[in-house]
file target_33.pdb (PDB, C-alpha atoms, pLDDT in the B column)
ATOM      1  CA  MET A 817       0.000   0.000   0.000  1.00 51.00           C
ATOM      2  CA  GLU A 818       1.389   3.406  -0.977  1.00 60.00           C
ATOM      3  CA  PHE A 819       0.645   6.601   0.936  1.00 57.00           C
ATOM      4  CA  ASP A 820       0.631  10.003  -0.711  1.00 64.00           C
ATOM      5  CA  LEU A 821       2.364  12.012   2.049  1.00 67.00           C
ATOM      6  CA  GLU A 822       2.646  15.790   1.925  1.00 66.00           C
ATOM      7  CA  TYR A 823       5.585  17.396   3.706  1.00 67.00           C
ATOM      8  CA  ASN A 824       5.716  20.981   4.877  1.00 67.00           C
ATOM      9  CA  SER A 825       8.884  21.510   2.855  1.00 68.00           C
ATOM     10  CA  GLU A 826       6.880  20.739  -0.295  1.00 71.00           C
ATOM     11  CA  ARG A 827       3.962  23.008   0.601  1.00 73.00           C
ATOM     12  CA  PRO A 828       3.671  26.669  -0.403  1.00 76.00           C
ATOM     13  CA  HIS A 829       5.325  29.189   1.877  1.00 79.00           C
ATOM     14  CA  LEU A 830       3.119  30.695   4.608  1.00 86.00           C
ATOM     15  CA  ILE A 831       3.255  34.486   4.432  1.00 87.00           C
ATOM     16  CA  ILE A 832       1.976  34.937   8.020  1.00 89.00           C
ATOM     17  CA  PRO A 833       2.543  31.611   9.794  1.00 89.00           C
ATOM     18  CA  GLU A 834       0.627  32.700  12.911  1.00 89.00           C
ATOM     19  CA  TYR A 835      -2.694  32.088  11.170  1.00 91.00           C
ATOM     20  CA  GLY A 836      -1.826  28.600   9.974  1.00 89.00           C
ATOM     21  CA  ARG A 837      -2.140  26.847   6.641  1.00 90.00           C
ATOM     22  CA  HIS A 838      -5.939  26.563   6.644  1.00 91.00           C
ATOM     23  CA  ILE A 839      -6.423  30.331   6.746  1.00 93.00           C
ATOM     24  CA  GLN A 840      -3.868  30.696   3.947  1.00 93.00           C
ATOM     25  CA  LYS A 841      -5.842  28.216   1.842  1.00 92.00           C
ATOM     26  CA  LEU A 842      -9.045  30.171   2.503  1.00 94.00           C
ATOM     27  CA  VAL A 843      -7.319  33.354   1.372  1.00 94.00           C
ATOM     28  CA  ASN A 844      -6.059  31.673  -1.795  1.00 93.00           C
ATOM     29  CA  HIS A 845      -9.560  30.351  -2.493  1.00 95.00           C
ATOM     30  CA  CYS A 846     -11.015  33.832  -1.963  1.00 96.00           C
ATOM     31  CA  VAL A 847      -8.563  35.295  -4.480  1.00 94.00           C
ATOM     32  CA  ALA A 848      -9.638  32.689  -7.047  1.00 94.00           C
ATOM     33  CA  LEU A 849     -13.361  33.460  -6.771  1.00 95.00           C
ATOM     34  CA  GLN A 850     -14.762  35.066  -9.891  1.00 93.00           C
ATOM     35  CA  ASP A 851     -17.818  36.759  -8.386  1.00 94.00           C
ATOM     36  CA  ILE A 852     -17.026  40.038  -6.610  1.00 94.00           C
ATOM     37  CA  GLU A 853     -19.906  39.646  -4.150  1.00 94.00           C
ATOM     38  CA  GLU A 854     -18.719  36.184  -3.116  1.00 95.00           C
ATOM     39  CA  ARG A 855     -15.198  37.505  -2.671  1.00 95.00           C
ATOM     40  CA  ASN A 856     -16.401  40.366  -0.475  1.00 95.00           C
ATOM     41  CA  LYS A 857     -18.530  38.032   1.621  1.00 96.00           C
ATOM     42  CA  MET A 858     -15.741  35.506   2.066  1.00 96.00           C
ATOM     43  CA  ALA A 859     -13.146  38.180   2.811  1.00 95.00           C
ATOM     44  CA  LYS A 860     -15.262  39.525   5.686  1.00 95.00           C
ATOM     45  CA  ALA A 861     -15.722  35.997   7.020  1.00 95.00           C
ATOM     46  CA  ILE A 862     -11.971  35.359   6.899  1.00 95.00           C
ATOM     47  CA  VAL A 863     -11.305  38.599   8.794  1.00 94.00           C
ATOM     48  CA  ASP A 864     -13.767  37.502  11.505  1.00 93.00           C
ATOM     49  CA  VAL A 865     -12.014  34.151  11.842  1.00 94.00           C
ATOM     50  CA  MET A 866      -8.619  35.855  11.978  1.00 93.00           C
ATOM     51  CA  GLY A 867      -9.895  38.055  14.798  1.00 90.00           C
ATOM     52  CA  ASN A 868     -10.961  34.999  16.784  1.00 90.00           C
ATOM     53  CA  LEU A 869      -7.547  33.396  16.268  1.00 89.00           C
ATOM     54  CA  GLN A 870      -5.718  36.513  17.479  1.00 82.00           C
ATOM     55  CA  PRO A 871      -7.749  37.758  20.476  1.00 82.00           C
ATOM     56  CA  HIS A 872      -4.744  39.628  21.913  1.00 79.00           C
ATOM     57  CA  LEU A 873      -4.933  42.034  18.972  1.00 74.00           C
ATOM     58  CA  ARG A 874      -8.238  43.373  20.251  1.00 76.00           C
ATOM     59  CA  ASP A 875      -6.312  45.686  22.573  1.00 75.00           C
ATOM     60  CA  VAL A 876      -4.381  47.095  19.618  1.00 76.00           C
ATOM     61  CA  PRO A 877      -5.709  50.382  18.186  1.00 78.00           C
ATOM     62  CA  ASP A 878      -7.415  49.932  14.790  1.00 86.00           C
ATOM     63  CA  PHE A 879      -7.851  46.213  15.415  1.00 89.00           C
ATOM     64  CA  LYS A 880      -9.969  45.613  12.287  1.00 90.00           C
ATOM     65  CA  HIS A 881      -7.674  47.737  10.157  1.00 92.00           C
ATOM     66  CA  LYS A 882      -4.725  45.561  11.122  1.00 91.00           C
ATOM     67  CA  LEU A 883      -6.645  42.379  10.238  1.00 93.00           C
ATOM     68  CA  TRP A 884      -7.608  43.688   6.802  1.00 94.00           C
ATOM     69  CA  ASP A 885      -4.002  44.684   6.125  1.00 93.00           C
ATOM     70  CA  GLN A 886      -2.861  41.186   7.075  1.00 93.00           C
ATOM     71  CA  LEU A 887      -5.505  39.701   4.771  1.00 94.00           C
ATOM     72  CA  PHE A 888      -4.116  41.620   1.793  1.00 95.00           C
ATOM     73  CA  ILE A 889      -0.575  40.671   2.774  1.00 93.00           C
ATOM     74  CA  MET A 890      -1.463  36.965   2.879  1.00 94.00           C
ATOM     75  CA  SER A 891      -3.007  37.254  -0.560  1.00 93.00           C
ATOM     76  CA  ASP A 892       0.271  38.738  -1.833  1.00 91.00           C
ATOM     77  CA  PHE A 893      -1.793  41.869  -2.591  1.00 93.00           C
ATOM     78  CA  ARG A 894      -3.726  39.976  -5.295  1.00 93.00           C
ATOM     79  CA  LEU A 895      -7.077  40.085  -3.474  1.00 93.00           C
ATOM     80  CA  ASP A 896      -9.582  42.416  -5.141  1.00 93.00           C
ATOM     81  CA  VAL A 897     -12.335  43.155  -2.612  1.00 94.00           C
ATOM     82  CA  GLU A 898     -14.109  46.147  -1.124  1.00 93.00           C
ATOM     83  CA  SER A 899     -12.274  46.911   2.089  1.00 92.00           C
ATOM     84  CA  PRO A 900     -13.489  49.398   4.727  1.00 92.00           C
ATOM     85  CA  TYR A 901      -9.908  50.660   4.838  1.00 92.00           C
ATOM     86  CA  GLU A 902      -7.421  51.796   2.251  1.00 90.00           C
ATOM     87  CA  LYS A 903      -5.599  48.868   0.679  1.00 89.00           C
ATOM     88  CA  PRO A 904      -1.910  48.783   1.711  1.00 89.00           C
ATOM     89  CA  GLU A 905       0.681  49.165  -1.011  1.00 87.00           C
ATOM     90  CA  LYS A 906       3.169  46.350  -1.468  1.00 85.00           C
ATOM     91  CA  GLU A 907       5.999  48.680  -2.401  1.00 86.00           C
ATOM     92  CA  VAL A 908       5.535  50.731   0.789  1.00 83.00           C
ATOM     93  CA  LEU A 909       5.484  47.721   3.119  1.00 80.00           C
ATOM     94  CA  GLN A 910       8.465  46.060   1.483  1.00 79.00           C
ATOM     95  CA  ALA A 911      10.531  49.228   1.205  1.00 82.00           C
ATOM     96  CA  LYS A 912      13.838  49.001   3.051  1.00 83.00           C
ATOM     97  CA  PRO A 913      14.435  51.620   5.747  1.00 81.00           C
ATOM     98  CA  GLU A 914      17.098  54.196   5.123  1.00 82.00           C
ATOM     99  CA  PRO A 915      20.430  53.326   6.734  1.00 82.00           C
ATOM    100  CA  LEU A 916      21.181  55.055  10.008  1.00 77.00           C
ATOM    101  CA  ALA A 917      23.859  57.675   9.878  1.00 72.00           C
ATOM    102  CA  TYR A 918      26.615  56.878  12.335  1.00 67.00           C
ATOM    103  CA  PRO A 919      28.514  59.772  13.883  1.00 61.00           C
ATOM    104  CA  ARG A 920      31.683  60.305  11.920  1.00 60.00           C
ATOM    105  CA  ALA A 921      33.447  62.540  14.391  1.00 58.00           C
ATOM    106  CA  SER A 922      34.570  60.610  17.433  1.00 60.00           C
ATOM    107  CA  SER A 923      36.586  62.016  20.316  1.00 68.00           C
ATOM    108  CA  LYS A 924      39.961  60.494  21.011  1.00 77.00           C
ATOM    109  CA  TYR A 925      39.049  60.599  24.709  1.00 83.00           C
ATOM    110  CA  LYS A 926      36.478  57.842  24.523  1.00 83.00           C
ATOM    111  CA  PHE A 927      36.642  57.157  28.252  1.00 84.00           C
ATOM    112  CA  TYR A 928      34.666  60.371  28.871  1.00 86.00           C
ATOM    113  CA  GLY A 929      31.652  59.013  27.022  1.00 82.00           C
ATOM    114  CA  ARG A 930      29.676  60.371  24.098  1.00 79.00           C
ATOM    115  CA  ASN A 931      27.569  62.837  26.087  1.00 87.00           C
ATOM    116  CA  ILE A 932      30.465  64.890  27.432  1.00 89.00           C
ATOM    117  CA  GLN A 933      30.721  66.895  24.191  1.00 89.00           C
ATOM    118  CA  THR A 934      27.010  67.677  24.390  1.00 89.00           C
ATOM    119  CA  MET A 935      27.443  68.860  27.965  1.00 91.00           C
ATOM    120  CA  ILE A 936      30.322  71.126  26.950  1.00 92.00           C
ATOM    121  CA  ASP A 937      28.436  72.589  23.988  1.00 91.00           C
ATOM    122  CA  THR A 938      25.397  73.232  26.194  1.00 92.00           C
ATOM    123  CA  ALA A 939      27.483  74.942  28.869  1.00 93.00           C
ATOM    124  CA  LEU A 940      28.912  77.334  26.296  1.00 92.00           C
ATOM    125  CA  THR A 941      25.388  78.511  25.426  1.00 92.00           C
ATOM    126  CA  TRP A 942      24.701  79.617  28.995  1.00 92.00           C
ATOM    127  CA  GLU A 943      24.880  83.258  29.942  1.00 90.00           C
ATOM    128  CA  GLU A 944      28.214  84.288  31.431  1.00 89.00           C
ATOM    129  CA  GLY A 945      28.251  84.326  35.192  1.00 89.00           C
ATOM    130  CA  GLU A 946      28.642  82.192  38.289  1.00 90.00           C
ATOM    131  CA  ALA A 947      26.151  79.581  37.100  1.00 92.00           C
ATOM    132  CA  ARG A 948      28.108  78.857  33.919  1.00 91.00           C
ATOM    133  CA  GLU A 949      31.408  78.852  35.804  1.00 91.00           C
ATOM    134  CA  ALA A 950      29.960  76.349  38.295  1.00 92.00           C
ATOM    135  CA  LEU A 951      28.760  74.191  35.422  1.00 93.00           C
ATOM    136  CA  TYR A 952      32.288  74.099  34.035  1.00 93.00           C
ATOM    137  CA  TYR A 953      33.521  72.554  37.272  1.00 93.00           C
ATOM    138  CA  VAL A 954      30.617  70.109  37.355  1.00 93.00           C
ATOM    139  CA  ILE A 955      31.637  68.918  33.878  1.00 93.00           C
ATOM    140  CA  ALA A 956      35.302  68.788  34.901  1.00 92.00           C
ATOM    141  CA  ASN A 957      34.494  66.693  37.987  1.00 92.00           C
ATOM    142  CA  HIS A 958      32.417  64.372  35.844  1.00 92.00           C
ATOM    143  CA  MET A 959      35.329  64.018  33.431  1.00 91.00           C
ATOM    144  CA  LYS A 960      37.647  63.254  36.335  1.00 91.00           C
ATOM    145  CA  LYS A 961      35.321  60.547  37.580  1.00 90.00           C
ATOM    146  CA  CYS A 962      35.076  59.023  34.100  1.00 89.00           C
ATOM    147  CA  TYR A 963      38.867  59.120  33.832  1.00 89.00           C
ATOM    148  CA  LEU A 964      39.226  57.300  37.155  1.00 87.00           C
ATOM    149  CA  ASN A 965      36.705  54.696  36.081  1.00 84.00           C
ATOM    150  CA  TRP A 966      39.053  53.899  33.216  1.00 79.00           C
ATOM    151  CA  ASN A 967      41.145  51.749  35.564  1.00 69.00           C
ATOM    152  CA  LYS A 968      43.216  54.654  36.811  1.00 70.00           C
ATOM    153  CA  ASP A 969      44.266  55.118  40.421  1.00 75.00           C
ATOM    154  CA  THR A 970      44.712  58.866  40.276  1.00 81.00           C
ATOM    155  CA  VAL A 971      44.796  61.787  37.851  1.00 85.00           C
ATOM    156  CA  GLU A 972      46.021  65.341  38.160  1.00 89.00           C
ATOM    157  CA  ASP A 973      43.504  68.131  37.753  1.00 90.00           C
ATOM    158  CA  GLN A 974      45.748  69.741  35.159  1.00 91.00           C
ATOM    159  CA  ILE A 975      45.184  66.810  32.796  1.00 91.00           C
ATOM    160  CA  ILE A 976      41.424  67.171  33.107  1.00 91.00           C
ATOM    161  CA  PHE A 977      41.654  70.933  32.541  1.00 92.00           C
ATOM    162  CA  ASN A 978      43.764  70.388  29.421  1.00 93.00           C
ATOM    163  CA  HIS A 979      41.308  67.856  28.010  1.00 92.00           C
ATOM    164  CA  LEU A 980      38.365  70.146  28.757  1.00 92.00           C
ATOM    165  CA  SER A 981      40.094  73.024  27.006  1.00 92.00           C
ATOM    166  CA  GLU A 982      40.812  70.842  23.992  1.00 91.00           C
ATOM    167  CA  LEU A 983      37.267  69.490  23.758  1.00 90.00           C
ATOM    168  CA  SER A 984      35.843  73.021  23.975  1.00 91.00           C
ATOM    169  CA  ASN A 985      38.272  74.372  21.368  1.00 90.00           C
ATOM    170  CA  GLY A 986      39.937  76.550  23.992  1.00 90.00           C
ATOM    171  CA  LYS A 987      36.697  78.233  25.100  1.00 91.00           C
ATOM    172  CA  ILE A 988      36.778  76.672  28.577  1.00 91.00           C
ATOM    173  CA  ASP A 989      40.103  77.285  30.276  1.00 90.00           C
ATOM    174  CA  LEU A 990      40.317  76.330  33.944  1.00 91.00           C
ATOM    175  CA  THR A 991      44.087  75.926  33.972  1.00 84.00           C
ATOM    176  CA  LYS A 992      44.652  79.358  35.514  1.00 82.00           C
ATOM    177  CA  LYS A 993      41.955  79.002  38.136  1.00 82.00           C
ATOM    178  CA  GLU A 994      42.897  78.413  41.752  1.00 80.00           C
ATOM    179  CA  GLU A 995      39.939  76.168  42.488  1.00 86.00           C
ATOM    180  CA  SER A 996      40.654  72.426  42.517  1.00 86.00           C
ATOM    181  CA  LEU A 997      38.436  69.526  41.562  1.00 89.00           C
ATOM    182  CA  SER A 998      36.927  67.047  44.005  1.00 84.00           C
ATOM    183  CA  GLU A 999      39.162  64.530  45.707  1.00 84.00           C
ATOM    184  CA  VAL A1000      39.418  61.024  44.323  1.00 79.00           C
ATOM    185  CA  LYS A1001      37.951  59.498  47.468  1.00 78.00           C
ATOM    186  CA  ASP A1002      34.889  61.737  47.175  1.00 77.00           C
ATOM    187  CA  LEU A1003      34.312  61.042  43.488  1.00 76.00           C
ATOM    188  CA  MET A1004      34.650  57.276  43.838  1.00 73.00           C
ATOM    189  CA  ARG A1005      32.728  57.009  47.106  1.00 66.00           C
ATOM    190  CA  LYS A1006      30.049  54.347  46.924  1.00 58.00           C
ATOM    191  CA  ARG A1007      26.542  55.540  47.534  1.00 50.00           C
ATOM    192  CA  LYS A1008      24.675  54.041  50.413  1.00 53.00           C
ATOM    193  CA  PRO A1009      21.244  52.519  49.714  1.00 52.00           C
ATOM    194  CA  THR A1010      18.435  55.012  50.189  1.00 51.00           C
ATOM    195  CA  GLY A1011      15.799  52.479  51.192  1.00 53.00           C
ATOM    196  CA  ASN A1012      13.963  52.861  54.466  1.00 53.00           C
ATOM    197  CA  LYS A1013      15.563  51.010  57.318  1.00 52.00           C
ATOM    198  CA  PRO A1014      13.353  48.428  59.022  1.00 52.00           C
ATOM    199  CA  ARG A1015      12.087  49.599  62.345  1.00 53.00           C
ATOM    200  CA  GLN A1016      13.375  47.785  65.370  1.00 54.00           C
ATOM    201  CA  LYS A1017      10.802  46.249  67.598  1.00 53.00           C
ATOM    202  CA  LYS A1018      10.776  47.600  71.079  1.00 52.00           C
ATOM    203  CA  LYS A1019      11.459  45.115  73.794  1.00 54.00           C
ATOM    204  CA  LYS A1020       8.577  44.668  76.136  1.00 49.00           C
TER     205      LYS A1020
END

call {"tool": "encode", "arguments": {"input": "target_33.pdb", "output": "structure tokens"}}
result
Amino acid sequence: MEFDLEYNSERPHLIIPEYGRHIQKLVNHCVALQDIEERNKMAKAIVDVMGNLQPHLRDVPDFKHKLWDQLFIMSDFRLDVESPYEKPEKEVLQAKPEPLAYPRASSKYKFYGRNIQTMIDTALTWEEGEAREALYYVIANHMKKCYLNWNKDTVEDQIIFNHLSELSNGKIDLTKKEESLSEVKDLMRKRKPTGNKPRQKKKK
């Protein structure tokens, strides 16, 4: 006795596997119908069945719209029916996204992180005064901490000031200031947990 077995590898490719092969066959049958009224009626029935198979989509905005779009996708955009929504375009859905532009300019002081340049540029836009001067030292202390995190035991303030001047194109010069940066032990001090301590029960 010979059996006519059908393997999945020999079957047509499922466009949206989540709905299974039976739904795909219904969609293919709907595409092949000659009468427009029968196609419309069957298309609506298929959408209802798809909604029952994907109940989690009911919380998604435009639930029905998403189902109709998936119906057209499964038909390889060959289904000609009256949809309550605009038919999606194959070229738009299959269009490749534009490649992301990677930053070309990279600082040679990578241990400071990518945001340090943004912090410096922002500080330079502040109005001159004590607030901007204080921000300079906040940035410098942050740079010192980042430098120490780069497996360094210690670093002189002069090195940080030189790097800050270089990164700001000479616009921030703290080399002639008398004020020093925070001590290493203060910058690298571990923060204690801020959670509430459990209350001790009073002894009776």

call {"tool": "resolve_selection", "arguments": {"input": "target_33.pdb", "expression": "the PyMOL selection byres ((chain A and resi 936) around 10)", "output": "list in words"}}
result
Asn931, Ile932, Gln933, Thr934, Met935, Asp937, Thr938, Ala939, Leu940, Thr941, Leu951, Tyr952, Ile955, Ala956, Leu980, Ser981, Leu983, Ser984, Lys987 and Ile988 of chain A

call {"tool": "resolve_selection", "arguments": {"input": "target_33.pdb", "expression": "the PyMOL selection byres ((chain A and resi 858-869) around 10)", "output": "ChimeraX atom specification"}}
result
/A:834-836,839-840,842-843,845-847,849,852-857,870-874,879-888,895-899

call {"tool": "axis_aligned_box", "arguments": {"input": "target_33.pdb", "around": "stretch 884-897 of chain A", "padding_each_side": "4 Å", "output": "JSON"}}
result
{"center_x": -6.0, "center_y": 40.8, "center_z": 0.9, "size_x": 20.6, "size_y": 15.7, "size_z": 20.4}

call {"tool": "atom_distance", "arguments": {"input": "target_33.pdb", "atom1": "atom CA of A:His979", "atom2": "atom CA of A:Asn965"}}
result
16.1 Å

call {"tool": "closest_residue", "arguments": {"input": "target_33.pdb", "among": "A:Lys993, A:Lys903, A:Arg948, A:Lys961", "to": "A:Gln974", "atoms": "only C-alpha atoms"}}
result
A:Lys993

call {"tool": "closest_residue", "arguments": {"input": "target_33.pdb", "among": "A:Cys962, A:Ala917, A:Val954, A:Val876", "to": "A:Ser996", "atoms": "all atoms listed in the file"}}
result
A:Val954

call {"tool": "atom_distance", "arguments": {"input": "target_33.pdb", "atom1": "atom CA of A:Tyr925", "atom2": "atom CA of A:Ile976"}}
result
10.9 Å

call {"tool": "atom_distance", "arguments": {"input": "target_33.pdb", "atom1": "atom CA of A:Lys912", "atom2": "atom CA of A:Asp878"}}
result
24.3 Å

call {"tool": "closest_residue", "arguments": {"input": "target_33.pdb", "among": "A:Gln910, A:Asn978, A:Ser998, A:Ser891", "to": "A:Lys841", "atoms": "only C-alpha atoms"}}
result
A:Ser891

call {"tool": "residues_near_point", "arguments": {"input": "target_33.pdb", "point": "(43.7, 76.0, 42.1)", "cutoff": "12 Å", "atoms": "all atoms listed in the file", "output": "VMD selection string"}}
result
chain A and resid 953 972 to 974 977 990 to 998

call {"tool": "write_last_selection", "arguments": {"input": "target_33.pdb", "atoms": "C-alpha atoms", "output": "PDB file, in the frame of the given file"}}
result
ATOM      1  CA  TYR A 953      33.521  72.554  37.272  1.00 93.00           C
ATOM      2  CA  GLU A 972      46.021  65.341  38.160  1.00 89.00           C
ATOM      3  CA  ASP A 973      43.504  68.131  37.753  1.00 90.00           C
ATOM      4  CA  GLN A 974      45.748  69.741  35.159  1.00 91.00           C
ATOM      5  CA  PHE A 977      41.654  70.933  32.541  1.00 92.00           C
ATOM      6  CA  LEU A 990      40.317  76.330  33.944  1.00 91.00           C
ATOM      7  CA  THR A 991      44.087  75.926  33.972  1.00 84.00           C
ATOM      8  CA  LYS A 992      44.652  79.358  35.514  1.00 82.00           C
ATOM      9  CA  LYS A 993      41.955  79.002  38.136  1.00 82.00           C
ATOM     10  CA  GLU A 994      42.897  78.413  41.752  1.00 80.00           C
ATOM     11  CA  GLU A 995      39.939  76.168  42.488  1.00 86.00           C
ATOM     12  CA  SER A 996      40.654  72.426  42.517  1.00 86.00           C
ATOM     13  CA  LEU A 997      38.436  69.526  41.562  1.00 89.00           C
ATOM     14  CA  SER A 998      36.927  67.047  44.005  1.00 84.00           C
TER      15      SER A 998
END

call {"tool": "closest_residue", "arguments": {"input": "target_33.pdb", "among": "A:Lys968, A:Asn985, A:His958, A:Glu946", "to": "A:Asp1002", "atoms": "all atoms listed in the file"}}
result
A:His958

call {"tool": "closest_residue", "arguments": {"input": "target_33.pdb", "among": "A:Glu905, A:Asp969, A:Asp989, A:Glu982", "to": "A:Leu1003", "atoms": "only C-alpha atoms"}}
result
A:Asp969

call {"tool": "build_atoms", "arguments": {"input": "target_33.pdb", "residues": "stretch 956-984 of chain A", "atoms": "N, CA and C atoms", "output": "PDB file, in the coordinates of the input"}}
result
ATOM      1  N   ALA A 956      33.928  69.220  34.651  1.00 92.00           N
ATOM      2  CA  ALA A 956      35.302  68.788  34.901  1.00 92.00           C
ATOM      3  C   ALA A 956      35.352  67.667  35.933  1.00 92.00           C
ATOM      4  N   ASN A 957      34.549  67.759  36.985  1.00 92.00           N
ATOM      5  CA  ASN A 957      34.494  66.693  37.987  1.00 92.00           C
ATOM      6  C   ASN A 957      33.936  65.406  37.395  1.00 92.00           C
ATOM      7  N   HIS A 958      32.965  65.559  36.512  1.00 92.00           N
ATOM      8  CA  HIS A 958      32.417  64.372  35.844  1.00 92.00           C
ATOM      9  C   HIS A 958      33.471  63.721  34.953  1.00 92.00           C
ATOM     10  N   MET A 959      34.249  64.534  34.266  1.00 91.00           N
ATOM     11  CA  MET A 959      35.329  64.018  33.431  1.00 91.00           C
ATOM     12  C   MET A 959      36.385  63.306  34.286  1.00 91.00           C
ATOM     13  N   LYS A 960      36.661  63.873  35.442  1.00 91.00           N
ATOM     14  CA  LYS A 960      37.647  63.254  36.335  1.00 91.00           C
ATOM     15  C   LYS A 960      37.155  61.898  36.823  1.00 91.00           C
ATOM     16  N   LYS A 961      35.882  61.820  37.133  1.00 90.00           N
ATOM     17  CA  LYS A 961      35.321  60.547  37.580  1.00 90.00           C
ATOM     18  C   LYS A 961      35.359  59.518  36.464  1.00 90.00           C
ATOM     19  N   CYS A 962      35.017  59.944  35.244  1.00 89.00           N
ATOM     20  CA  CYS A 962      35.076  59.023  34.100  1.00 89.00           C
ATOM     21  C   CYS A 962      36.509  58.554  33.858  1.00 89.00           C
ATOM     22  N   TYR A 963      37.453  59.469  34.027  1.00 89.00           N
ATOM     23  CA  TYR A 963      38.867  59.120  33.832  1.00 89.00           C
ATOM     24  C   TYR A 963      39.297  58.069  34.858  1.00 89.00           C
ATOM     25  N   LEU A 964      38.863  58.242  36.097  1.00 87.00           N
ATOM     26  CA  LEU A 964      39.226  57.300  37.155  1.00 87.00           C
ATOM     27  C   LEU A 964      38.559  55.945  36.957  1.00 87.00           C
ATOM     28  N   ASN A 965      37.383  55.957  36.371  1.00 84.00           N
ATOM     29  CA  ASN A 965      36.705  54.696  36.081  1.00 84.00           C
ATOM     30  C   ASN A 965      37.433  53.891  35.015  1.00 84.00           C
ATOM     31  N   TRP A 966      38.298  54.560  34.273  1.00 79.00           N
ATOM     32  CA  TRP A 966      39.053  53.899  33.216  1.00 79.00           C
ATOM     33  C   TRP A 966      40.296  53.218  33.816  1.00 79.00           C
ATOM     34  N   ASN A 967      40.088  52.521  34.904  1.00 69.00           N
ATOM     35  CA  ASN A 967      41.145  51.749  35.564  1.00 69.00           C
ATOM     36  C   ASN A 967      42.376  52.595  35.889  1.00 69.00           C
ATOM     37  N   LYS A 968      42.116  53.788  36.389  1.00 70.00           N
ATOM     38  CA  LYS A 968      43.216  54.654  36.811  1.00 70.00           C
ATOM     39  C   LYS A 968      43.122  54.867  38.318  1.00 70.00           C
ATOM     40  N   ASP A 969      44.248  54.906  38.976  1.00 75.00           N
ATOM     41  CA  ASP A 969      44.266  55.118  40.421  1.00 75.00           C
ATOM     42  C   ASP A 969      44.138  56.589  40.778  1.00 75.00           C
ATOM     43  N   THR A 970      44.750  57.439  39.985  1.00 81.00           N
ATOM     44  CA  THR A 970      44.712  58.866  40.276  1.00 81.00           C
ATOM     45  C   THR A 970      44.938  59.642  38.982  1.00 81.00           C
ATOM     46  N   VAL A 971      44.604  60.920  39.009  1.00 85.00           N
ATOM     47  CA  VAL A 971      44.796  61.787  37.851  1.00 85.00           C
ATOM     48  C   VAL A 971      44.930  63.212  38.349  1.00 85.00           C
ATOM     49  N   GLU A 972      45.834  63.949  37.783  1.00 89.00           N
ATOM     50  CA  GLU A 972      46.021  65.341  38.160  1.00 89.00           C
ATOM     51  C   GLU A 972      44.935  66.203  37.524  1.00 89.00           C
ATOM     52  N   ASP A 973      44.535  67.227  38.262  1.00 90.00           N
ATOM     53  CA  ASP A 973      43.504  68.131  37.753  1.00 90.00           C
ATOM     54  C   ASP A 973      43.943  68.811  36.469  1.00 90.00           C
ATOM     55  N   GLN A 974      45.235  69.048  36.332  1.00 91.00           N
ATOM     56  CA  GLN A 974      45.748  69.741  35.159  1.00 91.00           C
ATOM     57  C   GLN A 974      45.447  68.957  33.882  1.00 91.00           C
ATOM     58  N   ILE A 975      45.489  67.642  33.968  1.00 91.00           N
ATOM     59  CA  ILE A 975      45.184  66.810  32.796  1.00 91.00           C
ATOM     60  C   ILE A 975      43.730  66.973  32.395  1.00 91.00           C
ATOM     61  N   ILE A 976      42.852  66.987  33.391  1.00 91.00           N
ATOM     62  CA  ILE A 976      41.424  67.171  33.107  1.00 91.00           C
ATOM     63  C   ILE A 976      41.175  68.546  32.502  1.00 91.00           C
ATOM     64  N   PHE A 977      41.826  69.571  33.062  1.00 92.00           N
ATOM     65  CA  PHE A 977      41.654  70.933  32.541  1.00 92.00           C
ATOM     66  C   PHE A 977      42.136  71.022  31.095  1.00 92.00           C
ATOM     67  N   ASN A 978      43.241  70.364  30.789  1.00 93.00           N
ATOM     68  CA  ASN A 978      43.764  70.388  29.421  1.00 93.00           C
ATOM     69  C   ASN A 978      42.807  69.701  28.449  1.00 93.00           C
ATOM     70  N   HIS A 979      42.259  68.569  28.878  1.00 92.00           N
ATOM     71  CA  HIS A 979      41.308  67.856  28.010  1.00 92.00           C
ATOM     72  C   HIS A 979      40.045  68.681  27.799  1.00 92.00           C
ATOM     73  N   LEU A 980      39.569  69.321  28.868  1.00 92.00           N
ATOM     74  CA  LEU A 980      38.365  70.146  28.757  1.00 92.00           C
ATOM     75  C   LEU A 980      38.612  71.319  27.815  1.00 92.00           C
ATOM     76  N   SER A 981      39.764  71.920  27.901  1.00 92.00           N
ATOM     77  CA  SER A 981      40.094  73.024  27.006  1.00 92.00           C
ATOM     78  C   SER A 981      40.156  72.554  25.558  1.00 92.00           C
ATOM     79  N   GLU A 982      40.700  71.365  25.353  1.00 91.00           N
ATOM     80  CA  GLU A 982      40.812  70.842  23.992  1.00 91.00           C
ATOM     81  C   GLU A 982      39.436  70.500  23.421  1.00 91.00           C
ATOM     82  N   LEU A 983      38.588  69.877  24.233  1.00 90.00           N
ATOM     83  CA  LEU A 983      37.267  69.490  23.758  1.00 90.00           C
ATOM     84  C   LEU A 983      36.373  70.703  23.502  1.00 90.00           C
ATOM     85  N   SER A 984      36.647  71.809  24.172  1.00 91.00           N
ATOM     86  CA  SER A 984      35.843  73.021  23.975  1.00 91.00           C
ATOM     87  C   SER A 984      36.502  73.995  23.007  1.00 91.00           C
TER      88      SER A 984
END
